[in-house]
Structure formats: structure tokens, C-alpha cells
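Asker: Structure file entry22.cif (mmCIF, C-alpha atoms) right here:
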data_final
loop_
_atom_site.label_atom_id
_atom_site.label_comp_id
_atom_site.auth_asym_id
_atom_site.auth_seq_id
_atom_site.Cartn_x
_atom_site.Cartn_y
_atom_site.Cartn_z
CA MET K 12 0.00 0.00 0.00
CA SER K 13 3.03 2.26 -0.44
CA GLY K 14 3.05 3.32 3.20
CA VAL K 15 -0.59 4.48 3.21
CA PRO K 16 -2.73 2.90 5.96
CA ARG K 17 -5.36 0.44 4.78
CA TYR K 18 -7.96 1.70 7.22
CA GLY K 19 -8.85 5.08 8.71
CA HIS K 20 -8.08 8.30 6.87
CA ALA K 21 -6.33 9.22 3.66
CA ARG K 22 -4.37 12.24 4.81
CA ALA K 23 -2.62 15.10 3.07
CA PRO K 24 0.95 15.99 4.09
CA SER K 25 0.71 18.00 7.33
CA ASN K 26 4.21 19.44 7.65
CA PRO K 27 4.02 23.08 6.46
CA ALA K 28 7.78 23.09 5.89
CA LEU K 29 7.47 20.52 3.13
CA PRO K 30 7.24 21.74 -0.49
CA LEU K 31 3.79 21.85 -2.04
CA PRO K 32 2.77 18.51 -3.58
CA VAL K 33 2.77 17.95 -7.32
CA PHE K 34 -0.56 18.98 -8.80
CA VAL K 35 -2.52 15.88 -9.81
CA ASP K 36 -6.09 16.34 -10.99
CA SER K 37 -7.17 12.81 -11.97
CA ALA K 38 -6.80 9.26 -10.69
CA GLU K 39 -8.48 5.88 -10.97
CA ILE K 40 -8.96 3.80 -7.83
CA SER K 41 -10.90 0.82 -6.52
CA MET K 42 -12.74 1.19 -3.23
CA LYS K 43 -14.20 -1.57 -1.09
CA ALA K 44 -16.38 -1.11 1.97
CA GLY K 45 -15.90 -3.57 4.83
CA ASP K 46 -17.87 -6.81 5.00
CA GLY K 47 -20.19 -7.40 7.94
CA GLY K 48 -19.01 -9.83 10.61
CA ARG K 49 -20.57 -13.26 10.95
CA GLY K 50 -23.08 -13.90 13.72
CA ALA K 51 -22.15 -16.44 16.39
CA VAL K 52 -23.76 -19.77 17.29
CA SER K 53 -23.36 -20.21 21.05
CA PHE K 54 -25.28 -21.64 24.01
CA ARG K 55 -25.01 -20.80 27.66
CA ARG K 56 -25.14 -23.53 30.26
CA GLU K 57 -28.09 -23.01 32.58
CA LYS K 58 -30.29 -25.47 34.48
CA TYR K 59 -33.77 -26.10 33.04
CA VAL K 60 -32.93 -24.20 29.81
CA PRO K 61 -32.71 -26.45 26.73
CA LYS K 62 -29.03 -26.70 25.76
CA GLY K 63 -28.39 -23.74 28.05
CA GLY K 64 -30.22 -21.25 25.78
CA PRO K 65 -28.82 -19.45 22.75
CA ASP K 66 -26.52 -16.50 23.41
CA GLY K 67 -24.68 -15.99 20.11
CA GLY K 68 -24.16 -12.29 19.39
CA ASN K 69 -24.50 -10.41 16.10
CA GLY K 70 -21.57 -9.58 13.86
CA GLY K 71 -20.37 -5.99 13.58
CA ASP K 72 -21.19 -3.82 10.57
CA GLY K 73 -18.44 -3.27 8.02
CA GLY K 74 -16.87 0.16 7.72
CA SER K 75 -18.02 2.45 4.92
CA VAL K 76 -15.90 4.43 2.45
CA ILE K 77 -16.60 8.14 2.93
CA ALA K 78 -15.53 11.00 0.66
CA LEU K 79 -14.73 14.21 2.56
CA ALA K 80 -14.03 17.52 0.82
CA ASP K 81 -11.15 18.88 2.91
CA GLU K 82 -10.10 22.50 2.48
CA ASN K 83 -6.50 21.56 3.35
CA VAL K 84 -6.21 19.15 0.40
CA HIS K 85 -5.52 20.62 -3.04
CA THR K 86 -4.41 17.69 -5.20
CA LEU K 87 -5.18 14.02 -5.90
CA LEU K 88 -1.52 13.05 -5.53
CA ASP K 89 -2.20 10.57 -2.70
CA PHE K 90 -4.45 8.54 -5.00
CA ARG K 91 -2.03 8.22 -7.93
CA GLY K 92 0.29 5.80 -6.12
CA VAL K 93 -2.33 3.73 -4.28
CA HIS K 94 -4.98 1.97 -6.35
CA ASN K 95 -6.89 -0.11 -3.79
CA TRP K 96 -8.69 1.50 -0.83
CA GLU K 97 -10.51 -0.75 1.62
CA ALA K 98 -12.46 -0.05 4.81
CA GLN K 99 -12.24 -2.39 7.79
CA HIS K 100 -14.43 -5.50 8.07
CA GLY K 101 -16.81 -5.99 10.99
CA GLU K 102 -15.75 -8.49 13.64
CA PRO K 103 -17.74 -11.68 14.25
CA GLY K 104 -20.18 -11.94 17.14
CA GLY K 105 -19.29 -13.79 20.33
CA ALA K 106 -20.81 -15.73 23.16
CA LYS K 107 -22.85 -14.16 25.97
CA ASP K 108 -24.74 -12.01 23.44
CA CYS K 109 -21.57 -10.06 22.65
CA SER K 110 -21.83 -8.22 19.33
CA GLY K 111 -18.78 -7.91 17.13
CA ARG K 112 -17.04 -4.56 16.82
CA ALA K 113 -18.00 -2.49 13.79
CA GLY K 114 -15.32 -1.88 11.18
CA THR K 115 -13.61 1.51 10.99
CA ASP K 116 -14.80 3.79 8.20
CA LEU K 117 -12.26 4.78 5.57
CA VAL K 118 -12.34 8.54 5.00
CA LEU K 119 -10.94 9.70 1.66
CA ARG K 120 -9.90 13.34 2.04
CA LEU K 121 -10.34 15.01 -1.33
CA PRO K 122 -10.15 18.59 -2.62
CA GLY K 123 -13.42 20.45 -2.95
CA GLY K 124 -14.54 20.28 -6.57
CA THR K 125 -13.62 16.61 -7.00
CA MET K 126 -16.03 14.57 -9.09
CA ILE K 127 -16.28 10.84 -8.35
CA LEU K 128 -17.32 9.01 -11.51
CA ASP K 129 -18.16 5.37 -12.15
CA ALA K 130 -15.13 4.03 -14.03
CA ALA K 131 -17.22 1.76 -16.27
CA THR K 132 -20.14 4.03 -17.20
CA GLY K 133 -18.77 7.51 -16.58
CA ASP K 134 -21.86 8.38 -14.51
CA THR K 135 -21.34 10.90 -11.72
CA ILE K 136 -21.59 9.30 -8.29
CA VAL K 137 -20.99 12.52 -6.36
CA ASP K 138 -19.72 16.03 -7.08
CA LEU K 139 -18.06 17.25 -3.90
CA ALA K 140 -18.63 20.83 -2.79
CA PRO K 141 -16.37 22.21 -0.04
CA GLY K 142 -17.22 20.64 3.30
CA ASP K 143 -19.28 17.77 1.85
CA ARG K 144 -19.09 14.38 3.56
CA VAL K 145 -20.67 11.61 1.48
CA VAL K 146 -20.81 7.81 1.84
CA VAL K 147 -19.70 6.42 -1.54
CA ALA K 148 -19.48 2.72 -0.62
CA ARG K 149 -21.62 1.43 2.25
CA GLY K 150 -20.33 -1.22 4.63
CA GLY K 151 -22.08 -4.58 4.87
CA ARG K 152 -24.50 -5.30 7.73
CA GLY K 153 -23.31 -7.70 10.38
CA GLY K 154 -25.02 -11.12 10.46
CA PHE K 155 -27.45 -12.08 13.23
CA GLY K 156 -26.29 -14.56 15.87
CA ASN K 157 -28.42 -17.51 16.90
CA ALA K 158 -29.88 -15.57 19.87
CA HIS K 159 -31.78 -13.48 17.31
CA PHE K 160 -33.63 -16.54 15.99
CA ARG K 161 -34.90 -17.80 19.35
CA SER K 162 -38.69 -18.22 19.50
CA SER K 163 -41.32 -20.18 21.38
CA THR K 164 -41.15 -22.93 18.78
CA ASN K 165 -37.39 -22.84 18.28
CA GLN K 166 -35.71 -22.43 21.64
CA ALA K 167 -32.34 -23.77 20.54
CA PRO K 168 -31.63 -22.35 17.07
CA GLN K 169 -28.48 -23.70 15.47
CA ARG K 170 -28.03 -21.11 12.78
CA ALA K 171 -26.47 -17.68 12.39
CA GLU K 172 -26.12 -15.37 9.44
CA PRO K 173 -22.93 -14.51 7.58
CA GLY K 174 -22.22 -10.81 7.29
CA ALA K 175 -23.33 -8.97 4.14
CA PRO K 176 -20.53 -7.96 1.77
CA GLY K 177 -19.58 -4.30 1.61
CA GLU K 178 -20.08 -2.33 -1.60
CA ALA K 179 -17.20 -2.27 -4.08
CA ARG K 180 -16.66 0.37 -6.75
CA ALA K 181 -14.12 1.17 -9.41
CA VAL K 182 -14.12 4.95 -9.76
CA ARG K 183 -12.37 7.79 -11.54
CA LEU K 184 -11.55 10.94 -9.58
CA GLU K 185 -11.50 14.22 -11.50
CA LEU K 186 -10.65 17.51 -9.87
CA LYS K 187 -12.07 20.76 -11.17
CA LEU K 188 -10.74 23.78 -9.33
CA ILE K 189 -13.31 26.04 -7.69
CA ALA K 190 -12.66 29.74 -8.23
CA ASP K 191 -14.61 32.95 -8.72
CA ALA K 192 -12.59 33.99 -11.75
CA GLY K 193 -10.35 32.20 -14.22
CA LEU K 194 -7.44 33.79 -16.09
CA ILE K 195 -7.32 32.50 -19.65
CA GLY K 196 -5.27 33.41 -22.69
CA MET K 197 -2.46 32.31 -24.96
CA PRO K 198 0.85 31.12 -23.49
CA ASN K 199 2.94 34.02 -22.19
CA ALA K 200 -0.02 36.41 -22.05
CA GLY K 201 1.14 37.34 -18.54
CA LYS K 202 -1.40 35.39 -16.50
CA SER K 203 1.07 34.19 -13.88
CA THR K 204 2.55 37.65 -13.49
CA LEU K 205 -0.91 39.14 -13.04
CA LEU K 206 -1.91 36.48 -10.49
CA ALA K 207 1.25 37.21 -8.48
CA ALA K 208 0.52 40.96 -8.66
CA ILE K 209 -3.07 40.81 -7.36
CA THR K 210 -2.81 37.88 -4.92
CA ARG K 211 -0.24 36.27 -2.64
CA ALA K 212 0.19 33.33 -4.99
CA THR K 213 3.72 32.60 -6.19
CA PRO K 214 3.34 30.91 -9.59
CA LYS K 215 6.35 30.13 -11.74
CA ILE K 216 7.08 33.02 -14.11
CA GLY K 217 9.28 32.83 -17.20
CA ASP K 218 9.72 34.30 -20.67
CA TYR K 219 8.94 31.06 -22.52
CA PRO K 220 5.67 29.33 -23.48
CA PHE K 221 3.85 27.08 -21.02
CA THR K 222 5.59 28.45 -17.94
CA THR K 223 2.51 27.36 -15.98
CA LEU K 224 2.16 23.58 -16.16
CA SER K 225 -0.69 23.28 -13.66
CA PRO K 226 -3.54 25.55 -12.53
CA GLN K 227 -2.66 27.98 -9.73
CA LEU K 228 -5.02 29.54 -7.20
CA GLY K 229 -4.74 32.88 -5.48
CA ILE K 230 -7.00 35.08 -3.32
CA ALA K 231 -7.29 38.78 -4.08
CA SER K 232 -8.42 40.98 -1.21
CA LEU K 233 -10.35 44.18 -1.95
CA GLY K 234 -11.02 44.91 1.70
CA PRO K 235 -11.92 43.23 4.98
CA SER K 236 -15.04 41.53 3.60
CA ARG K 237 -14.34 41.38 -0.13
CA ARG K 238 -12.25 38.52 -1.50
CA ILE K 239 -12.00 36.95 -4.95
CA VAL K 240 -10.56 33.50 -5.60
CA ILE K 241 -8.70 33.57 -8.92
CA ALA K 242 -7.35 30.62 -10.92
CA ASP K 243 -4.52 30.90 -13.43
CA ILE K 244 -5.25 28.36 -16.16
CA PRO K 245 -2.27 27.16 -18.27
CA GLY K 246 -2.05 28.81 -21.68
CA LEU K 247 -4.37 27.62 -24.43
CA ILE K 248 -3.43 27.25 -28.08
CA GLU K 249 -5.27 26.30 -31.24
CA GLY K 250 -6.42 22.69 -30.99
CA ALA K 251 -6.44 22.65 -27.18
CA ALA K 252 -9.97 21.21 -27.08
CA GLN K 253 -8.64 18.23 -29.07
CA GLY K 254 -5.59 17.83 -26.82
CA ALA K 255 -2.99 20.06 -28.47
CA GLY K 256 -0.47 21.74 -26.19
CA LEU K 257 -1.57 21.14 -22.63
CA GLY K 258 -4.91 20.16 -24.15
CA HIS K 259 -8.23 19.80 -22.43
CA ALA K 260 -6.55 18.39 -19.30
CA PHE K 261 -6.81 21.89 -17.83
CA LEU K 262 -9.76 23.27 -19.77
CA ARG K 263 -12.07 21.51 -17.31
CA HIS K 264 -10.76 23.73 -14.51
CA VAL K 265 -12.35 26.75 -16.19
CA GLU K 266 -15.78 25.14 -15.82
CA ARG K 267 -15.96 25.88 -12.09
CA THR K 268 -15.21 29.58 -12.49
CA ARG K 269 -18.02 32.13 -12.58
CA VAL K 270 -16.23 34.82 -14.60
CA LEU K 271 -13.44 34.66 -17.17
CA VAL K 272 -10.64 37.20 -17.52
CA HIS K 273 -9.32 36.92 -21.05
CA LEU K 274 -5.78 38.27 -21.00
CA LEU K 275 -4.21 39.49 -24.25
CA ASP K 276 -0.58 40.41 -24.84
CA ALA K 277 -0.37 43.98 -26.14
CA ALA K 278 2.85 43.18 -28.04
CA PRO K 279 3.17 39.41 -28.61
CA PRO K 280 6.83 38.43 -29.14
CA ASP K 281 5.85 36.27 -32.14
CA GLY K 282 4.27 39.27 -33.86
CA SER K 283 0.77 37.78 -33.79
CA ASP K 284 -2.33 39.95 -33.65
CA PRO K 285 -3.99 40.20 -30.17
CA ALA K 286 -7.42 40.08 -31.83
CA ASP K 287 -6.55 36.84 -33.65
CA ASN K 288 -5.20 35.38 -30.39
CA TYR K 289 -8.47 36.27 -28.70
CA ARG K 290 -10.51 34.49 -31.39
CA THR K 291 -8.27 31.41 -31.18
CA VAL K 292 -8.85 30.99 -27.46
CA ARG K 293 -12.58 31.70 -27.78
CA ALA K 294 -12.87 29.03 -30.46
CA GLU K 295 -11.25 26.48 -28.15
CA LEU K 296 -13.64 27.36 -25.32
CA GLU K 297 -16.63 26.92 -27.62
CA ALA K 298 -15.28 23.64 -29.00
CA TYR K 299 -14.80 22.29 -25.48
CA SER K 300 -18.14 23.47 -24.06
CA PRO K 301 -20.70 25.95 -25.44
CA LEU K 302 -21.83 26.62 -21.86
CA LEU K 303 -18.29 27.50 -20.90
CA ALA K 304 -18.08 30.01 -23.74
CA GLU K 305 -21.20 31.77 -22.43
CA LYS K 306 -19.67 32.69 -19.07
CA PRO K 307 -19.31 36.43 -18.33
CA GLU K 308 -15.98 37.71 -19.56
CA ILE K 309 -13.66 40.65 -19.04
CA ILE K 310 -11.14 41.34 -21.81
CA ALA K 311 -7.88 42.86 -20.62
CA LEU K 312 -4.97 44.08 -22.74
CA ASN K 313 -1.85 43.29 -20.72
CA LYS K 314 1.84 44.29 -20.74
CA LEU K 315 1.18 47.95 -21.46
CA ASP K 316 4.37 48.74 -19.52
CA LEU K 317 6.14 47.70 -22.74
CA VAL K 318 4.36 50.61 -24.49
CA PRO K 319 5.62 53.72 -22.62
CA ASP K 320 3.86 56.31 -24.79
CA ALA K 321 0.36 57.10 -23.46
CA GLY K 322 -0.91 58.05 -26.89
CA GLN K 323 0.26 54.77 -28.39
CA ARG K 324 -1.44 52.87 -25.57
CA ALA K 325 -4.73 54.60 -26.30
CA ARG K 326 -4.40 53.79 -30.00
CA LEU K 327 -3.73 50.13 -29.24
CA VAL K 328 -6.85 49.88 -27.08
CA LYS K 329 -8.97 51.69 -29.65
CA ALA K 330 -7.69 49.48 -32.48
CA LEU K 331 -8.31 46.29 -30.52
CA ARG K 332 -11.82 47.41 -29.61
CA ALA K 333 -12.55 47.99 -33.28
CA ARG K 334 -11.03 44.63 -34.32
CA LEU K 335 -13.12 42.78 -31.76
CA ARG K 336 -16.23 44.84 -32.62
CA LEU K 337 -16.93 45.61 -28.98
CA GLY K 338 -19.92 47.76 -28.13
CA ALA K 339 -19.67 50.92 -26.11
CA ARG K 340 -20.77 49.12 -22.94
CA GLU K 341 -18.45 46.12 -23.39
CA PRO K 342 -15.38 46.70 -21.22
CA LEU K 343 -11.84 46.44 -22.51
CA LEU K 344 -9.38 47.07 -19.70
CA ALA K 345 -5.80 48.21 -20.22
CA LEU K 346 -3.29 47.05 -17.62
CA SER K 347 0.16 45.77 -16.77
CA GLY K 348 0.57 42.96 -14.27
CA ALA K 349 4.31 43.53 -14.05
CA ALA K 350 3.98 47.26 -13.32
CA ARG K 351 0.67 46.86 -11.44
CA ILE K 352 -1.05 49.34 -13.70
CA GLY K 353 -4.83 48.99 -13.86
CA THR K 354 -4.95 45.97 -11.54
CA GLY K 355 -7.23 47.77 -9.08
CA GLU K 356 -9.71 48.57 -11.85
CA LEU K 357 -9.66 44.93 -12.93
CA LEU K 358 -10.48 43.69 -9.42
CA GLU K 359 -13.32 46.18 -9.05
CA ALA K 360 -14.73 45.13 -12.43
CA LEU K 361 -14.52 41.49 -11.36
CA TRP K 362 -16.30 42.20 -8.09
CA GLY K 363 -19.04 44.05 -9.96
CA LEU K 364 -19.63 41.04 -12.22
CA LEU K 365 -19.55 38.56 -9.35
CA HIS K 366 -21.78 40.64 -7.09
CA PRO K 367 -23.87 42.91 -9.32
CA LYS K 368 -26.18 43.95 -6.47
CA GLY K 369 -23.44 44.41 -3.92
CA GLU K 370 -24.27 41.23 -2.02
CA ALA K 371 -21.67 39.35 -0.02
CA ALA K 372 -19.67 36.57 -1.59
CA GLY K 373 -21.98 33.74 -2.63
CA ALA K 374 -21.81 30.05 -1.96
CA TRP K 375 -20.09 27.58 -4.19
CA SER K 376 -22.01 26.32 -7.20
CA ALA K 377 -21.11 23.96 -10.00
#
Taking this structure as input, can you express it in the form of C-alpha cells?

Answerer:
Amino acid sequence: MSGVPRYGHARAPSNPALPLPVFVDSAEISMKAGDGGRGAVSFRREKYVPKGGPDGGNGGDGGSVIALADENVHTLLDFRGVHNWEAQHGEPGGAKDCSGRAGTDLVLRLPGGTMILDAATGDTIVDLAPGDRVVVARGGRGGFGNAHFRSSTNQAPQRAEPGAPGEARAVRLELKLIADAGLIGMPNAGKSTLLAAITRATPKIGDYPFTTLSPQLGIASLGPSRRIVIADIPGLIEGAAQGAGLGHAFLRHVERTRVLVHLLDAAPPDGSDPADNYRTVRAELEAYSPLLAEKPEIIALNKLDLVPDAGQRARLVKALRARLRLGAREPLLALSGAARIGTGELLEALWGLLHPKGEAAGAWSA
């Protein structure tokens, strides 16, 4: 079992000094709830009682497999190296009407946003919201001992029941990050730099494509009671919905977000047109999920620190607005994550979309 206990809890690393675990967002495992214990056949020795009277106790119930959405767990790494997860069996009953001990439940601690799917059919068994605790494989009932079958016509029963088997499932775990807003765009659009500028996240930043190899989460604070959870999604390229580049392995993480921030490079190093880059990413979103493409969106032109002239910046924004055929009420923000220009306006625009009536932060929803 690779050092992981067979029974009890599946735990995340608890030492804060350790490096963050590798991000793993899918795994296939087999889970087995515990079998019920067998009932006992036993007779006490007592004068004037036929054969002493039955006193065989019932078997204990098998432990169940429980999925718990734990806020301290952020990856499915623990489930990549261990395929079989089994709860404890119930103990058999004993003499003197002693019932067997129930098996210990196995608690699988999973990140919020994990979907548990049937491996054979693909059907969703449960979609875990933060804090959820759900039984996904129920333990078997313990068998009755012979004391249970005593009656006026059968004062010395010789039979007891075997315990019922626990449920067994082969499942696929898929994690979809839960965030208020998702940063999308082509590789090197500056998403990681922007996330680091507006939150305390420390994503890897570099001047080469696909710097971000896994989704990153950060929390932006706009005040004591206003917070926005933001996810940096690895860069998308043409054909991502069919698996090109980092493919659709990370597109699913955008599904949990409520608002998209589409980041465009004001001066792409490959000389490409920001408007064409925008259309490429939008096409991939629509190919992956039409519902995903309908999410509210803020378009932001990034890296304006590379354009020092204010007049040239204004012309770039005006030209991009015309190329994208944006209406007067459709926002196009100009900013620089590196220089922290316009980041405050972006956060306020995000808050306005997330809470249009000024209500407090809402609950999680799929």
C-alpha cells in the first residue's frame, strides 16, 4: 500500500515546511467497503434451559468508504500511487450475546470540486462541494447470531447469518478547481505575473511558453469583507480542445469559475495579432463546451508597460476594440501585471460582475 494505511483516513501531508505537492487532478482507484461480521452460534449452560439457551451475538457492521471535501487538500496526488482503498471489516459476534465490533470507516480526504465518476459508465456518483461528507461505498451489515432466531417454537436455534458484503466500486476521480474567476489566454499572455501581482500566490514566471504547467489559485483581497478566488489556467493554443499543447486536461478547470478574464498580450513576441489570439482561445472554449463560452468575460490588454507612450497605448486599445467589434458598454481594460497598472480597476470590475447587487460573496455552485 506504499506506506498508506489500509484503514482510517487518507491524509494530506501535514508538515508546512514541506514543499507543495505535485498537482494531480485525476486518478483511478478501486474502493471496497468492509464486510459485515458473521453472527455467532453459542449456548449458555443453565439449568432447566434447553441446551443452556442461545446467546450468540450479532456480527459488527463493516466500515463504509466516505468521501470528505477537505479545504486543506488541493491535489489528488495521494491517489495516484495507491490503487486499492478498503475499509475495515466488521468483527464476528461472540458468546454471551456479545456483538462484534463495527469496522472503521475509511475517510478519503479530497479537494473540494472533486467529481467521483463510475469508471465503467462515466456516470457521476458525487460532485463534492467544499465541506461535503458523502458515503460512496456502504459497509455490509453484520449477520445475526443464533440468539436473534430464538422463538417459542425454536428455543435452541443452530443457525447464524454470515455478514453482508460491503459495496465495491471502481471509480475515476476528476478535480475541477473552484474559483470565482479564471485567467485564460495564450501562453505568455502574462497570466502568472498578473496572479502574483493581485494575490499572494507565487506561480512560476518565465519568458517562454507554457511556464505554468498546472492551474494555480490565489485570493485577491479588496477589503476586509471582499475577497475573490482567482485561478490561473495554463495557456491555451489552437487545438487545445482536441488535446494540443496542454490540451483539455486543464480546460475543465475553467468550468468551475463564474467569470473569465481573457488576457491578451499587447505586443506578442511572435508578432501575432492580439485580436486573432483572442478568437483562437474563444474558439477552443466553444469547442470544449458551449456553456463555458457563455460565461461572463472581461477582456484585458496586458503588458502595457512595454508601451511607454500614453498616446500609443490609447491607439492600441482603440484598435483592438474595433477589431473585436466591442460595443460601447463592453469593457476592454488596459493594464500591466508587471507594473501593477490597472490591476485595481480589474479587481473592481470582477467584483461588480460577481456581485452585481453588492451582495456578499456567494456560496459555491457547480

Asker: Work out how far apart atom CA of Gly68 of chain K and atom CA of Gln99 of chain K are and give it in Å to one decimal.

Answerer: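 We find that atom CA of Gly68 of chain K and atom CA of Gln99 of chain K lie 19.4 Å from each other.
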
Asker: Select, from K:Gly363, K:Gly133, K:Gly48, K:Gly104, the residue with the minimum atom-to-atom distance to Pro307 of chain K, counting only C-alpha atoms.

Answerer: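 Residue with the minimum atom-to-atom distance to Pro307 of chain K: K:Gly363.
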
Asker: Nearest to Arg324 of chain K among K:His85, K:Glu308, K:Ala277, K:Ala131, with distances taken over all atoms listed in the file: which residue is it?

Answerer: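 Under the stated criterion, the closest residue is K:Ala277.
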
Asker: If we draw a sphere of 12 Å around (-13.0, 24.6, -9.0), which residues have at least one atom in it when counting all atoms listed in the file? Please report them as number ranges by chain.

Answerer: K: 36, 85-86, 122-126, 138-141, 185-193, 226-228, 240-244, 261-269, 375-377

Asker: Tell me, as a ChimeraX atom specification, which residues lie within 8 Å of segment 49-63 of chain K, counting only C-alpha atoms; anything in the same chain fewer than 6 positions away does not count.

Answerer: /K:69-71,102-107,153-158,166-167,169-174

Asker: For the file shown, report as an mmCIF file with C-alpha atoms, in the frame of the given file the outcome of the PyMOL selection byres ((chain K and resi 342) around 7) at residue level.

Answerer:
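expr02.cif was written with the following content:
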data_model
loop_
_atom_site.group_PDB
_atom_site.id
_atom_site.type_symbol
_atom_site.label_atom_id
_atom_site.label_comp_id
_atom_site.auth_asym_id
_atom_site.auth_seq_id
_atom_site.Cartn_x
_atom_site.Cartn_y
_atom_site.Cartn_z
ATOM 1 C CA ILE K 309 -13.660 40.650 -19.040
ATOM 2 C CA ILE K 310 -11.140 41.340 -21.810
ATOM 3 C CA ARG K 340 -20.770 49.120 -22.940
ATOM 4 C CA GLU K 341 -18.450 46.120 -23.390
ATOM 5 C CA LEU K 343 -11.840 46.440 -22.510
ATOM 6 C CA LEU K 344 -9.380 47.070 -19.700
#

Asker: Tell me, in Å to one decimal, how far atom CA of Ala231 of chain K is from atom CA of Ala208 of chain K.

Answerer: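 These two atoms are separated by 9.3 Å.
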
Asker: What is the distance, in Å and to one decimal place, between atom CA of Arg293 of chain K and atom CA of Asp276 of chain K?

Answerer: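 It comes out at 15.1 Å.
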
Asker: Using all atoms listed in the file, pick whichever of K:Ala200, K:Phe90, K:Arg112, K:Ala44 has the shortest atom-to-atom distance to Ser283 of chain K.

Answerer: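 Closest to Ser283 of chain K of all the choices is K:Ala200.
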
Asker: Could you tell me which residues the PyMOL selection byres ((chain K and resi 114) around 6) returns for this structure, as a list in words?

Answerer: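 Output of the PyMOL selection byres ((chain K and resi 114) around 6): Gly73, Gly74, Gln99, His100, Gly101, Ala113 and Thr115 of chain K.
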
Asker: For the file shown, what are the residues hit by the PyMOL selection byres ((chain K and resi 356) around 12), laid out as a list in words?

Answerer: Ile209, Leu233, Ile309, Ala311, Pro342, Leu343, Leu344, Ala345, Leu346, Ser347, Gly348, Arg351, Ile352, Gly353, Thr354, Gly355, Leu357, Leu358, Glu359, Ala360, Leu361, Trp362 and Gly363 of chain K
